[in-house]
>>> print(open('structure-v3.txt').read())   # compact mmCIF, C-alpha atoms and all ligand atoms
# COMPACT_ATOMS: atom_id res chain seq x y z
CA MET A 166 -3.90 -30.91 2.96
CA ALA A 167 -5.32 -27.46 2.29
CA TYR A 168 -2.87 -24.65 2.87
CA LEU A 169 -3.77 -21.15 4.04
CA GLN A 170 -4.38 -18.88 1.04
CA ILE A 171 -4.81 -15.13 1.41
CA ALA A 172 -5.83 -13.15 -1.67
CA ILE A 173 -5.32 -9.38 -1.77
CA ASP A 174 -6.64 -7.53 -4.80
CA GLY A 175 -7.19 -3.91 -5.65
CA PRO A 176 -6.15 -1.06 -7.94
CA ALA A 177 -2.68 0.50 -8.27
CA GLY A 178 -1.45 2.21 -5.12
CA SER A 179 -4.12 0.80 -2.82
CA GLY A 180 -1.35 -0.53 -0.56
CA LYS A 181 -1.64 -4.20 -1.49
CA SER A 182 1.98 -5.16 -1.81
CA THR A 183 3.25 -3.37 1.29
CA VAL A 184 0.44 -4.84 3.38
CA ALA A 185 0.89 -8.31 1.88
CA LYS A 186 4.65 -8.28 2.55
CA GLU A 187 4.08 -7.29 6.18
CA ILE A 188 1.48 -10.04 6.68
CA SER A 189 3.71 -12.65 5.04
CA LYS A 190 6.46 -11.69 7.50
CA GLN A 191 4.15 -11.83 10.51
CA LEU A 192 2.59 -15.17 9.57
CA GLY A 193 5.79 -16.68 8.17
CA ILE A 194 4.15 -17.59 4.85
CA THR A 195 5.24 -17.09 1.24
CA TYR A 196 4.40 -13.81 -0.49
CA LEU A 197 3.88 -13.61 -4.23
CA ASP A 198 3.69 -10.25 -5.99
CA THR A 199 1.79 -11.26 -9.16
CA GLY A 200 2.01 -7.72 -10.56
CA ALA A 201 5.80 -8.13 -10.65
CA MET A 202 5.32 -11.08 -13.02
CA TYR A 203 3.27 -9.02 -15.53
CA ARG A 204 5.85 -6.24 -15.15
CA ALA A 205 8.68 -8.70 -15.92
CA VAL A 206 6.97 -9.85 -19.14
CA THR A 207 6.44 -6.19 -20.07
CA LEU A 208 10.09 -5.34 -19.44
CA GLU A 209 11.23 -8.29 -21.54
CA ALA A 210 8.86 -7.28 -24.37
CA LEU A 211 10.07 -3.66 -24.23
CA ASN A 212 13.71 -4.81 -24.23
CA HIS A 213 13.00 -6.80 -27.41
CA SER A 214 11.09 -3.86 -28.94
CA VAL A 215 8.10 -6.03 -29.81
CA ASP A 216 4.62 -4.72 -30.51
CA LEU A 217 2.88 -5.06 -27.13
CA GLN A 218 -0.46 -5.60 -28.81
CA ASN A 219 0.73 -8.50 -30.97
CA PRO A 220 -0.26 -11.82 -29.33
CA ASP A 221 2.24 -13.87 -31.40
CA ALA A 222 5.10 -11.61 -30.39
CA LEU A 223 4.07 -11.76 -26.72
CA LYS A 224 3.78 -15.55 -26.86
CA LYS A 225 7.35 -15.78 -28.16
CA ILE A 226 8.56 -13.51 -25.36
CA VAL A 227 6.81 -15.58 -22.67
CA ASP A 228 7.94 -18.92 -24.13
CA GLN A 229 11.56 -17.80 -24.34
CA MET A 230 11.93 -16.28 -20.89
CA THR A 231 12.52 -18.03 -17.59
CA LEU A 232 10.92 -16.36 -14.62
CA ASN A 233 12.06 -16.98 -11.04
CA MET A 234 10.81 -15.30 -7.90
CA THR A 235 11.80 -15.09 -4.26
CA ILE A 236 9.77 -13.14 -1.67
CA THR A 237 11.73 -9.96 -2.40
CA LYS A 238 13.24 -10.44 -5.85
CA ILE A 239 12.33 -11.39 -9.41
CA PHE A 240 14.68 -12.77 -12.06
CA VAL A 241 14.30 -13.00 -15.83
CA ASN A 242 16.75 -15.43 -17.44
CA ASN A 243 18.65 -15.38 -14.13
CA VAL A 244 19.09 -11.59 -14.20
CA ASP A 245 17.71 -9.67 -11.20
CA VAL A 246 15.08 -7.28 -12.63
CA SER A 247 13.49 -6.31 -9.30
CA GLU A 248 14.38 -2.64 -9.82
CA ALA A 249 14.04 -2.52 -13.61
CA ILE A 250 10.37 -3.61 -13.53
CA ARG A 251 9.40 -0.54 -11.45
CA THR A 252 10.31 2.16 -13.97
CA PRO A 253 7.60 4.56 -15.16
CA GLU A 254 7.98 3.09 -18.69
CA VAL A 255 7.03 -0.39 -17.48
CA SER A 256 4.17 1.06 -15.40
CA ARG A 257 2.80 2.87 -18.45
CA ASN A 258 2.80 -0.27 -20.60
CA VAL A 259 2.05 -3.16 -18.25
CA SER A 260 -1.75 -3.05 -18.45
CA VAL A 261 -1.69 -3.61 -22.22
CA VAL A 262 0.52 -6.68 -21.84
CA ALA A 263 -1.65 -7.93 -18.95
CA MET A 264 -4.67 -8.04 -21.29
CA ASP A 265 -3.15 -10.78 -23.39
CA ALA A 266 -4.80 -14.19 -23.00
CA TYR A 267 -1.63 -16.26 -23.35
CA VAL A 268 0.39 -14.07 -20.99
CA ARG A 269 -2.38 -14.33 -18.37
CA ALA A 270 -2.82 -18.09 -18.74
CA GLU A 271 0.91 -18.71 -18.32
CA MET A 272 1.23 -16.41 -15.28
CA VAL A 273 -1.84 -17.91 -13.60
CA LYS A 274 -0.43 -21.42 -14.13
CA ILE A 275 2.77 -20.47 -12.27
CA GLN A 276 0.82 -18.71 -9.50
CA GLN A 277 -1.50 -21.68 -8.92
CA LYS A 278 1.42 -24.09 -8.87
CA ILE A 279 3.14 -22.03 -6.16
CA ALA A 280 -0.05 -22.08 -4.02
CA LEU A 281 -0.39 -25.83 -4.31
CA GLY A 282 2.41 -26.78 -1.98
CA GLN A 283 2.53 -24.06 0.67
CA ALA A 284 0.66 -21.35 2.56
CA VAL A 285 0.66 -18.12 0.56
CA ILE A 286 -0.42 -14.53 0.44
CA MET A 287 -0.71 -13.20 -3.11
CA ASP A 288 -1.53 -9.74 -4.31
CA GLY A 289 -2.82 -8.69 -7.71
CA ARG A 290 -6.01 -7.94 -9.61
CA ASP A 291 -7.58 -11.39 -10.14
CA ILE A 292 -6.37 -13.45 -7.19
CA GLY A 293 -9.74 -13.78 -5.44
CA THR A 294 -11.67 -14.18 -8.69
CA THR A 295 -9.42 -16.38 -10.85
CA VAL A 296 -6.11 -17.49 -9.37
CA LEU A 297 -7.31 -18.62 -5.93
CA PRO A 298 -11.12 -18.70 -6.17
CA ASN A 299 -11.25 -20.87 -3.02
CA ALA A 300 -8.83 -18.74 -0.99
CA THR A 301 -9.25 -18.95 2.78
CA TYR A 302 -9.43 -15.14 2.99
CA LYS A 303 -10.03 -12.56 0.28
CA PHE A 304 -9.51 -8.83 0.64
CA PHE A 305 -10.12 -6.02 -1.81
CA LEU A 306 -8.24 -2.82 -1.02
CA ILE A 307 -9.36 0.50 -2.41
CA ALA A 308 -8.24 4.11 -1.89
CA ASP A 309 -8.90 7.54 -3.27
CA PRO A 310 -6.94 8.07 -6.55
CA ILE A 311 -5.17 11.19 -5.26
CA GLU A 312 -4.01 9.38 -2.15
CA ARG A 313 -2.85 6.48 -4.34
CA ALA A 314 -0.91 8.87 -6.59
CA LYS A 315 0.73 10.45 -3.52
CA ARG A 316 1.85 7.02 -2.31
CA ARG A 317 3.19 6.20 -5.76
CA ARG A 318 5.10 9.49 -5.90
CA LEU A 319 6.81 8.73 -2.58
CA GLU A 320 7.78 5.25 -3.83
CA LEU A 321 9.17 6.69 -7.05
CA GLN A 322 11.07 9.45 -5.22
CA ALA A 323 12.68 6.81 -3.02
CA LYS A 324 13.98 5.22 -6.24
CA GLY A 325 15.22 8.49 -7.68
CA PHE A 326 12.34 9.17 -10.12
CA GLU A 327 10.46 12.48 -10.13
CA ALA A 328 6.86 12.58 -11.36
CA SER A 329 4.11 15.18 -11.04
CA LEU A 330 1.08 14.30 -8.95
CA ASP A 331 -1.12 15.23 -11.88
CA ASP A 332 0.59 12.79 -14.25
CA LEU A 333 0.48 10.03 -11.64
CA VAL A 334 -3.25 10.54 -11.01
CA LYS A 335 -3.84 10.31 -14.78
CA GLU A 336 -1.70 7.18 -15.13
CA ILE A 337 -3.40 5.47 -12.18
CA ILE A 338 -6.88 6.24 -13.51
CA LYS A 339 -5.93 5.04 -17.00
CA ARG A 340 -4.49 1.79 -15.60
CA ASP A 341 -7.62 1.26 -13.43
CA GLU A 342 -9.74 1.67 -16.55
CA LEU A 343 -7.71 -0.77 -18.64
CA ASP A 344 -7.51 -3.31 -15.79
CA SER A 345 -11.22 -3.05 -14.92
CA ASN A 346 -12.54 -3.23 -18.47
CA ARG A 347 -10.40 -5.95 -20.01
CA GLU A 348 -12.08 -9.12 -21.19
CA ILE A 349 -10.10 -11.72 -19.24
CA SER A 350 -10.00 -11.60 -15.43
CA PRO A 351 -10.69 -7.88 -15.00
CA LEU A 352 -9.90 -6.06 -11.78
CA LYS A 353 -13.00 -6.84 -9.76
CA LYS A 354 -13.92 -7.48 -6.15
CA ALA A 355 -14.77 -11.15 -5.63
CA ASP A 356 -18.29 -11.54 -4.24
CA ASP A 357 -16.92 -13.02 -1.03
CA ALA A 358 -14.02 -10.54 -0.57
CA ILE A 359 -13.85 -8.10 2.32
CA GLU A 360 -13.41 -4.54 1.04
CA ILE A 361 -11.12 -2.20 2.97
CA ASP A 362 -10.79 1.50 2.13
CA THR A 363 -7.17 2.35 2.95
CA THR A 364 -7.38 6.08 2.14
CA SER A 365 -7.10 7.28 5.72
CA HIS A 366 -5.26 4.31 7.20
CA THR A 367 -1.56 3.60 7.52
CA ILE A 368 -0.12 0.39 6.11
CA ASP A 369 0.35 -0.92 9.65
CA GLU A 370 -3.32 -0.30 10.46
CA VAL A 371 -4.46 -2.15 7.35
CA ALA A 372 -2.07 -5.05 8.03
CA THR A 373 -3.40 -5.27 11.61
CA MET A 374 -7.00 -5.23 10.34
CA ILE A 375 -6.31 -8.12 7.95
CA LEU A 376 -4.41 -10.07 10.59
CA ASP A 377 -7.36 -9.63 12.95
CA TYR A 378 -9.65 -11.22 10.35
CA VAL A 379 -7.21 -14.09 9.84
CA LYS A 380 -6.91 -14.67 13.61
CA GLY A 381 -10.71 -14.59 13.93
CA LEU A 382 -10.60 -11.42 16.08
CA ARG A 383 -12.61 -9.43 13.53
CA LYS A 384 -15.60 -10.59 11.52
O1 LIG A 401 2.07 -2.04 -7.86
P1 LIG A 401 0.97 -1.54 -8.74
O2 LIG A 401 -0.30 -1.47 -8.02
O3 LIG A 401 1.33 -0.37 -9.55
O4 LIG A 401 0.72 -2.61 -9.84
P2 LIG A 401 1.21 -4.09 -9.90
O5 LIG A 401 0.58 -4.89 -8.81
O6 LIG A 401 2.70 -4.11 -10.00
O7 LIG A 401 0.57 -4.57 -11.28
C1 LIG A 401 0.94 -3.98 -12.49
C2 LIG A 401 -0.10 -4.31 -13.54
O8 LIG A 401 -0.07 -5.71 -13.79
C3 LIG A 401 -1.54 -3.99 -13.21
O9 LIG A 401 -1.88 -2.65 -13.49
C4 LIG A 401 -2.29 -4.98 -14.09
O10 LIG A 401 -2.40 -4.50 -15.40
C5 LIG A 401 -1.37 -6.17 -14.10
N1 LIG A 401 -1.77 -7.23 -13.17
C6 LIG A 401 -2.77 -8.09 -13.53
O11 LIG A 401 -3.35 -7.93 -14.60
N2 LIG A 401 -3.11 -9.14 -12.74
C7 LIG A 401 -2.49 -9.33 -11.57
N3 LIG A 401 -2.84 -10.38 -10.81
C8 LIG A 401 -1.50 -8.44 -11.14
C9 LIG A 401 -1.17 -7.37 -11.96
>>> encode(input="structure-v3.txt", output="structure tokens")
Amino acid sequence: MAYLQIAIDGPAGSGKSTVAKEISKQLGITYLDTGAMYRAVTLEALNHSVDLQNPDALKKIVDQMTLNMTITKIFVNNVDVSEAIRTPEVSRNVSVVAMDAYVRAEMVKIQQKIALGQAVIMDGRDIGTTVLPNATYKFFLIADPIERAKRRRLELQAKGFEASLDDLVKEIIKRDELDSNREISPLKKADDAIEIDTTSHTIDEVATMILDYVKGLRK
């Protein structure tokens, strides 16, 4: 039996995870935040002070950690790291770790296994292109970098972190560059994905738009 698969890709701050969570709630299907998985590997690597560009060191980190996810939380070796993976330090370093071939292969394996037995909505950078190439629906969310930085600043403020808009714009553009130009599974719109510019839309509007596609109300 083929389960419903919804792929949501796009750059940092395009609204993917908030929209995906809302849709998962409305449709009653599993949500997987694949970015959280790359963040968890990054956190673990930083905690062990390993060289993030050393493939052998990253392999050891991945092989020695157990990763568990629920819709809202992520655990490394049974410790809840849902908050710890969102720090600016992890954000600054995650795209380097996400370039690594072994890290990617192991994360994709877990993601594909989760999609095998249930209906899912996943968000990330390579869901429509690599993880779920036959997804029922594929969306690619984009937004103006300044708007994305503003959204990120609000999220960080809610968690008690202060960051200047300027620094956040720079970080977002740098991460877009690294994610779009890496060799393996770069950030890229799948040929058959529907692109949505979220710059001047609220999260609720974008979620409604996607739900309309899924319900066949929008083509
Ligand atoms: O939430 P935000 O948009 O900041 O990013 P995220 O979804 O948490 O992803 C963090 C980073 O993980 C991205 O910048 C990518 O480097 C990497 N990532 C990836 O390579 N492939 C995915 N499917 C998801 C995330």
>>> closest_residue(input="structure-v3.txt", among="A:Ile338, A:Ala185, A:Val371, A:Ala201", to="ligand LIG 401 (chain A)", atoms="only C-alpha atoms and all ligand atoms")
A:Ala201
>>> closest_residue(input="structure-v3.txt", among="A:Lys274, A:Lys303, A:Arg347, A:Arg318", to="Leu169 of chain A", atoms="all atoms listed in the file")
A:Lys303
>>> residues_near_ligand(input="structure-v3.txt", ligand="ligand LIG 401 (chain A)", cutoff="8 Å", atoms="all atoms listed in the file", output="tab-separated table (two decimals) with C-alpha atoms, in the coordinates of the input")
chain	number	residue	atom	x	y	z
A	174	ASP	CA	-6.64	-7.53	-4.80
A	175	GLY	CA	-7.19	-3.91	-5.65
A	176	PRO	CA	-6.15	-1.06	-7.94
A	177	ALA	CA	-2.68	0.50	-8.27
A	178	GLY	CA	-1.45	2.21	-5.12
A	179	SER	CA	-4.12	0.80	-2.82
A	180	GLY	CA	-1.35	-0.53	-0.56
A	181	LYS	CA	-1.64	-4.20	-1.49
A	182	SER	CA	1.98	-5.16	-1.81
A	198	ASP	CA	3.69	-10.25	-5.99
A	199	THR	CA	1.79	-11.26	-9.16
A	200	GLY	CA	2.01	-7.72	-10.56
A	201	ALA	CA	5.80	-8.13	-10.65
A	202	MET	CA	5.32	-11.08	-13.02
A	203	TYR	CA	3.27	-9.02	-15.53
A	204	ARG	CA	5.85	-6.24	-15.15
A	251	ARG	CA	9.40	-0.54	-11.45
A	256	SER	CA	4.17	1.06	-15.40
A	259	VAL	CA	2.05	-3.16	-18.25
A	260	SER	CA	-1.75	-3.05	-18.45
A	261	VAL	CA	-1.69	-3.61	-22.22
A	262	VAL	CA	0.52	-6.68	-21.84
A	263	ALA	CA	-1.65	-7.93	-18.95
A	264	MET	CA	-4.67	-8.04	-21.29
A	269	ARG	CA	-2.38	-14.33	-18.37
A	288	ASP	CA	-1.53	-9.74	-4.31
A	289	GLY	CA	-2.82	-8.69	-7.71
A	290	ARG	CA	-6.01	-7.94	-9.61
A	291	ASP	CA	-7.58	-11.39	-10.14
A	292	ILE	CA	-6.37	-13.45	-7.19
A	296	VAL	CA	-6.11	-17.49	-9.37
A	317	ARG	CA	3.19	6.20	-5.76
A	337	ILE	CA	-3.40	5.47	-12.18
A	340	ARG	CA	-4.49	1.79	-15.60
A	341	ASP	CA	-7.62	1.26	-13.43
A	343	LEU	CA	-7.71	-0.77	-18.64
A	344	ASP	CA	-7.51	-3.31	-15.79
A	350	SER	CA	-10.00	-11.60	-15.43
A	351	PRO	CA	-10.69	-7.88	-15.00
A	352	LEU	CA	-9.90	-6.06	-11.78
>>> atom_distance(input="structure-v3.txt", atom1="atom CA of Tyr302 of chain A", atom2="atom CA of Ile236 of chain A")
19.9 Å
>>> closest_residue(input="structure-v3.txt", among="A:Val334, A:Leu319, A:Leu208, A:Ala355", to="Ala300 of chain A", atoms="all atoms listed in the file")
A:Ala355
>>> residues_around(input="structure-v3.txt", residues="Tyr196 of chain A", least_positions_apart="5", cutoff="6 Å", atoms="only C-alpha atoms", output="list in words")
Ser189, Ile236, Val285, Ile286 and Met287 of chain A
>>> atom_distance(input="structure-v3.txt", atom1="atom CA of Ile375 of chain A", atom2="atom CA of Ser247 of chain A")
26.3 Å
>>> atom_distance(input="structure-v3.txt", atom1="atom CA of Asp332 of chain A", atom2="atom CA of Asp265 of chain A")
25.6 Å
>>> closest_residue(input="structure-v3.txt", among="A:Ser214, A:Gln276, A:Gln191, A:Thr301", to="Asn233 of chain A", atoms="only C-alpha atoms")
A:Gln276
>>> closest_residue(input="structure-v3.txt", among="A:Ile307, A:Val255, A:Arg383, A:Glu370", to="Asn212 of chain A", atoms="all atoms listed in the file")
A:Val255
>>> closest_residue(input="structure-v3.txt", among="A:Thr207, A:His366, A:Asp356, A:Ala308", to="Thr252 of chain A", atoms="all atoms listed in the file")
A:Thr207
>>> residues_around(input="structure-v3.txt", residues="Leu330 of chain A", least_positions_apart="5", cutoff="12 Å", atoms="only C-alpha atoms", output="list of chain:residue names")
A:Pro310, A:Ile311, A:Glu312, A:Arg313, A:Ala314, A:Lys315, A:Arg316, A:Arg317, A:Arg318, A:Leu319, A:Leu321, A:Gln322, A:Lys335, A:Glu336, A:Ile337
